[in-house]
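Structure record follows, encoded as C-alpha cells.
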Amino acid sequence: MKITKTLILILITLTLASLACGITLTMPDDAIEIGELRTEEIFVSAPAAGNTASVMLEFGAGKLSLQPGAAEGLIVGTASYNVDGLEPVVAAGGGDVSIKQEPYEFKLGGLPNVNEVENTWELYFSDHPVELEVRAGAYSGDFELGGMAIQELKITSGAARTNLSFTTPNLTNMGQFHFRTGASTAHLNQLSNANFSLMKFEGGAGSYTLDFSGTLTRDATVEIDAALSSVKLIVPENIPTTLHIESSLTNVNAHGYWYGGGDTYTLSGYNGPTLTFVIKLGAGNLDLSTLP
C-alpha cells in the first residue's frame, strides 16, 4: 500500500509527541472521535505571600499560550478541546501546582481526521514568584513571559514551533533557563530581559533564533548544544560578549561588530554586565549579528 508524505509526517509527529509526553500509539480501525468543542475555565490560587510556587505544565499536541496578566490568584485561563481524554487535570497544594493532560491514546486508524482535533490552552500568570516547567509534545507554543517573576524556567518539547519573548524584564533573578527541543523551529526574543545567570539551550536538527536584546543586569552564561542545526544569535553591540565554539565542523558567518575567528569571537561593548557563550554544533551553521 502506498503511504503518502502527509501520512509519514503525521506518523513522525505523533511518534515524537509520544516520546516527549508518554502518548501511546495503537492500531485500531476506527477514527478519532471528534466531539463538540468544550472550554473549561482554569483558576489556581496563589500560595501564601513569600512562598514560591512550583508549577508544572504537561501538554500534548496542540496550541499552548502563556502570558502575564492574571489579576487574581496564580494562574487563570481556559482549555479548549474536542476529544475526550484531552481535558486538563489541575492539582495544587503546598505551593506545588500541576496542570496536565493524562497520556492520551492516539489511534492510528484516526489519522485521516487528526487535523480536526482541537486542543488549546491559554494561561495567564500573576506576578507571584514561580519556578516554571513546561513539558510538551509536538505543539505550537507562544510564550510572553515578560512581567512575570520566574526564578527557574525549564521548557522541554518534541517537534515544535515556539515563539518566546521577554518583552519586559523578568521581575526577579532567574537562576537557570533550560530550553530543550527536538527537530523544531524556535524564536527566543529579548532574552537579556529574562535576567538569568545560566541558560542552556539543547536542540535537534532545526532552525533557531536567539535574540539577546533587552537590558542585561548581571553577568550571564549561555551554553548551546545543537546537532545539524541553523542557529542565529543576535546580541546588542553594547554588551561585552565572548563566544567560544567547541566544534570544528561549524560554519560561522559574523556580521556587525563581531571580531575574531576560528573558535573565538568577541564584542567589545561598553562597561557593564557580560555575556559568555559556549557553543557546540554538529556540522551546523552559526550566524552572528548585532543590534545598535
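Identifiers for the C-alpha cells are assigned positionally: chains receive A, B, ... in sequence, residues are indexed from 1 per chain, and ligands are indexed from 1 in the order shown.
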Where does DSSP see strand (DSSP E) in segment 38-179 of chain A, if you list the residues as a ChimeraX atom specification?
-> /A:38-44,53-59,62-68,75-81,88-93,96-101,105-107,119-125,130-136,139-144,150-156,161-165,174-179
I want to know what sits within 7 Å of Glu202 of chain A, based on only C-alpha atoms, with residues of the same chain fewer than 2 positions away left out; could you give that as a CSV table (one decimal) with C-alpha atoms, in the first residue's frame?
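The result, stored in result_35.csv:
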chain,number,residue,atom,x,y,z
A,179,PHE,CA,15.3,25.0,26.8
A,180,ARG,CA,15.4,21.6,25.2
A,181,THR,CA,13.6,20.6,22.0
A,200,LYS,CA,21.2,26.0,28.5
A,224,ILE,CA,24.2,26.0,23.2
A,225,ASP,CA,24.3,22.3,22.1
A,226,ALA,CA,22.5,21.7,18.8
Fewer than 2 positions away in the same chain doesn't count, so skip those; otherwise give me all residues within 9 Å of Thr162 of chain A, counting only C-alpha atoms, as a count of residues only.
-> 12
Give me the residues within 10 Å of segment 252-269 of chain A as number ranges by chain, counting only C-alpha atoms and dropping any in the same chain fewer than 3 places off.
-> A: 231-249, 272-279, 284-292
Can you write out the residues you just picked, keeping C-alpha atoms, as a PDB file, in the first residue's frame?
ATOM      1  CA  VAL A 231      21.477  28.874  14.839  1.00  0.00           C
ATOM      2  CA  LYS A 232      21.258  32.664  14.678  1.00  0.00           C
ATOM      3  CA  LEU A 233      22.483  34.754  17.610  1.00  0.00           C
ATOM      4  CA  ILE A 234      21.582  38.419  17.879  1.00  0.00           C
ATOM      5  CA  VAL A 235      23.401  40.466  20.540  1.00  0.00           C
ATOM      6  CA  PRO A 236      23.211  44.243  21.130  1.00  0.00           C
ATOM      7  CA  GLU A 237      26.552  45.817  20.253  1.00  0.00           C
ATOM      8  CA  ASN A 238      26.801  47.484  23.675  1.00  0.00           C
ATOM      9  CA  ILE A 239      27.022  44.172  25.618  1.00  0.00           C
ATOM     10  CA  PRO A 240      30.599  42.906  26.191  1.00  0.00           C
ATOM     11  CA  THR A 241      30.477  39.360  24.816  1.00  0.00           C
ATOM     12  CA  THR A 242      32.837  36.422  24.421  1.00  0.00           C
ATOM     13  CA  LEU A 243      31.851  33.427  22.307  1.00  0.00           C
ATOM     14  CA  HIS A 244      33.676  30.088  22.312  1.00  0.00           C
ATOM     15  CA  ILE A 245      32.962  27.420  19.682  1.00  0.00           C
ATOM     16  CA  GLU A 246      33.706  23.798  20.572  1.00  0.00           C
ATOM     17  CA  SER A 247      33.175  22.247  17.149  1.00  0.00           C
ATOM     18  CA  SER A 248      35.459  22.115  14.133  1.00  0.00           C
ATOM     19  CA  LEU A 249      32.539  21.491  11.735  1.00  0.00           C
ATOM     20  CA  GLY A 272      28.734  46.619  32.278  1.00  0.00           C
ATOM     21  CA  PRO A 273      27.495  43.023  32.647  1.00  0.00           C
ATOM     22  CA  THR A 274      28.913  40.483  30.197  1.00  0.00           C
ATOM     23  CA  LEU A 275      27.621  37.587  28.124  1.00  0.00           C
ATOM     24  CA  THR A 276      29.659  34.408  27.660  1.00  0.00           C
ATOM     25  CA  PHE A 277      28.663  31.808  25.059  1.00  0.00           C
ATOM     26  CA  VAL A 278      29.865  28.206  24.814  1.00  0.00           C
ATOM     27  CA  ILE A 279      28.611  26.636  21.603  1.00  0.00           C
ATOM     28  CA  GLY A 284      25.722  23.254  11.720  1.00  0.00           C
ATOM     29  CA  ASN A 285      25.541  26.894  10.680  1.00  0.00           C
ATOM     30  CA  LEU A 286      26.076  29.716  13.164  1.00  0.00           C
ATOM     31  CA  ASP A 287      25.076  33.258  12.206  1.00  0.00           C
ATOM     32  CA  LEU A 288      26.256  36.122  14.458  1.00  0.00           C
ATOM     33  CA  SER A 289      24.551  39.505  14.239  1.00  0.00           C
ATOM     34  CA  THR A 290      24.468  42.694  16.314  1.00  0.00           C
ATOM     35  CA  LEU A 291      21.859  45.305  17.145  1.00  0.00           C
ATOM     36  CA  PRO A 292      22.549  49.028  17.661  1.00  0.00           C
TER      37      PRO A 292
END
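What separates atom CA of Phe125 of chain A from atom CA of Leu216 of chain A is a distance of 23.3 Å.
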Please run DSSP on the backbone and report, as a list of chain:residue names, all residues within segment 51-275 of chain A that come out as helix (DSSP H, G or I).
->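 Assigned to helix (DSSP H, G or I), within segment 51-275 of chain A: A:Leu108, A:Gly109, A:Gly110, A:Leu111, A:Pro112, A:Asn113, A:Val114, A:Asn115, A:Glu116, A:Leu191, A:Ser192, A:Asn193, A:Ala194.
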State, in Å with one decimal place, the distance from atom CA of Val89 of chain A to atom CA of Thr52 of chain A.
->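 Separation between atom CA of Val89 of chain A and atom CA of Thr52 of chain A: 21.3 Å.
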Measure the distance from atom CA of Gln176 of chain A to atom CA of Asn271 of chain A in Å and round it to one decimal.
->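 Separation between atom CA of Gln176 of chain A and atom CA of Asn271 of chain A: 24.1 Å.
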From the set A:Ala91, A:Leu191, A:Ala61, A:Leu228, which residue has the shortest atom-to-atom contact distance to Ala159 of chain A, counting only C-alpha atoms?
-> A:Ala61
Could you give me, as a PyMOL selection string, the residues within 6 Å of Gly214 of chain A, counting only C-alpha atoms and dropping anything in the same chain fewer than 3 positions from it?
-> chain A and resi 190+192-193
7 Å contact set for Ile150 of chain A, only C-alpha atoms, chain neighbours under 6 positions out, as a ChimeraX atom specification = /A:129-132,170,172,174
Skipping near chain neighbours, those fewer than 5 positions away, what residues fall within 9 Å of Gly95 of chain A using only C-alpha atoms, listed as a tab-separated table (two decimals) with N, CA and C atoms, in the first residue's frame?
chain	number	residue	atom	x	y	z
A	46	ALA	N	-3.00	31.57	44.42
A	46	ALA	CA	-1.60	31.81	44.74
A	46	ALA	C	-1.29	31.28	46.13
A	47	PRO	N	-0.08	30.75	46.34
A	47	PRO	CA	0.30	30.35	47.69
A	47	PRO	C	0.50	31.58	48.57
A	48	ALA	N	0.77	31.36	49.83
A	48	ALA	CA	0.93	32.46	50.77
A	48	ALA	C	2.06	33.38	50.33
A	51	ASN	N	6.08	32.72	49.59
A	51	ASN	CA	6.34	31.36	49.14
A	51	ASN	C	6.37	31.31	47.61
A	52	THR	N	7.38	30.63	47.08
A	52	THR	CA	7.48	30.45	45.63
A	52	THR	C	6.62	29.28	45.19
A	53	ALA	N	5.88	29.45	44.12
A	53	ALA	CA	5.07	28.36	43.57
A	53	ALA	C	5.89	27.56	42.58
A	54	SER	N	5.79	26.25	42.67
A	54	SER	CA	6.44	25.34	41.72
A	54	SER	C	5.37	24.84	40.76
A	55	VAL	N	5.45	25.25	39.48
A	55	VAL	CA	4.39	25.00	38.51
A	55	VAL	C	4.89	24.05	37.42
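Of the residues listed (A:Glu58, A:Glu133, A:Glu223, A:Glu122), A:Glu122 shows the shortest atom-to-atom separation from Ala79 of chain A; distances use only C-alpha atoms.
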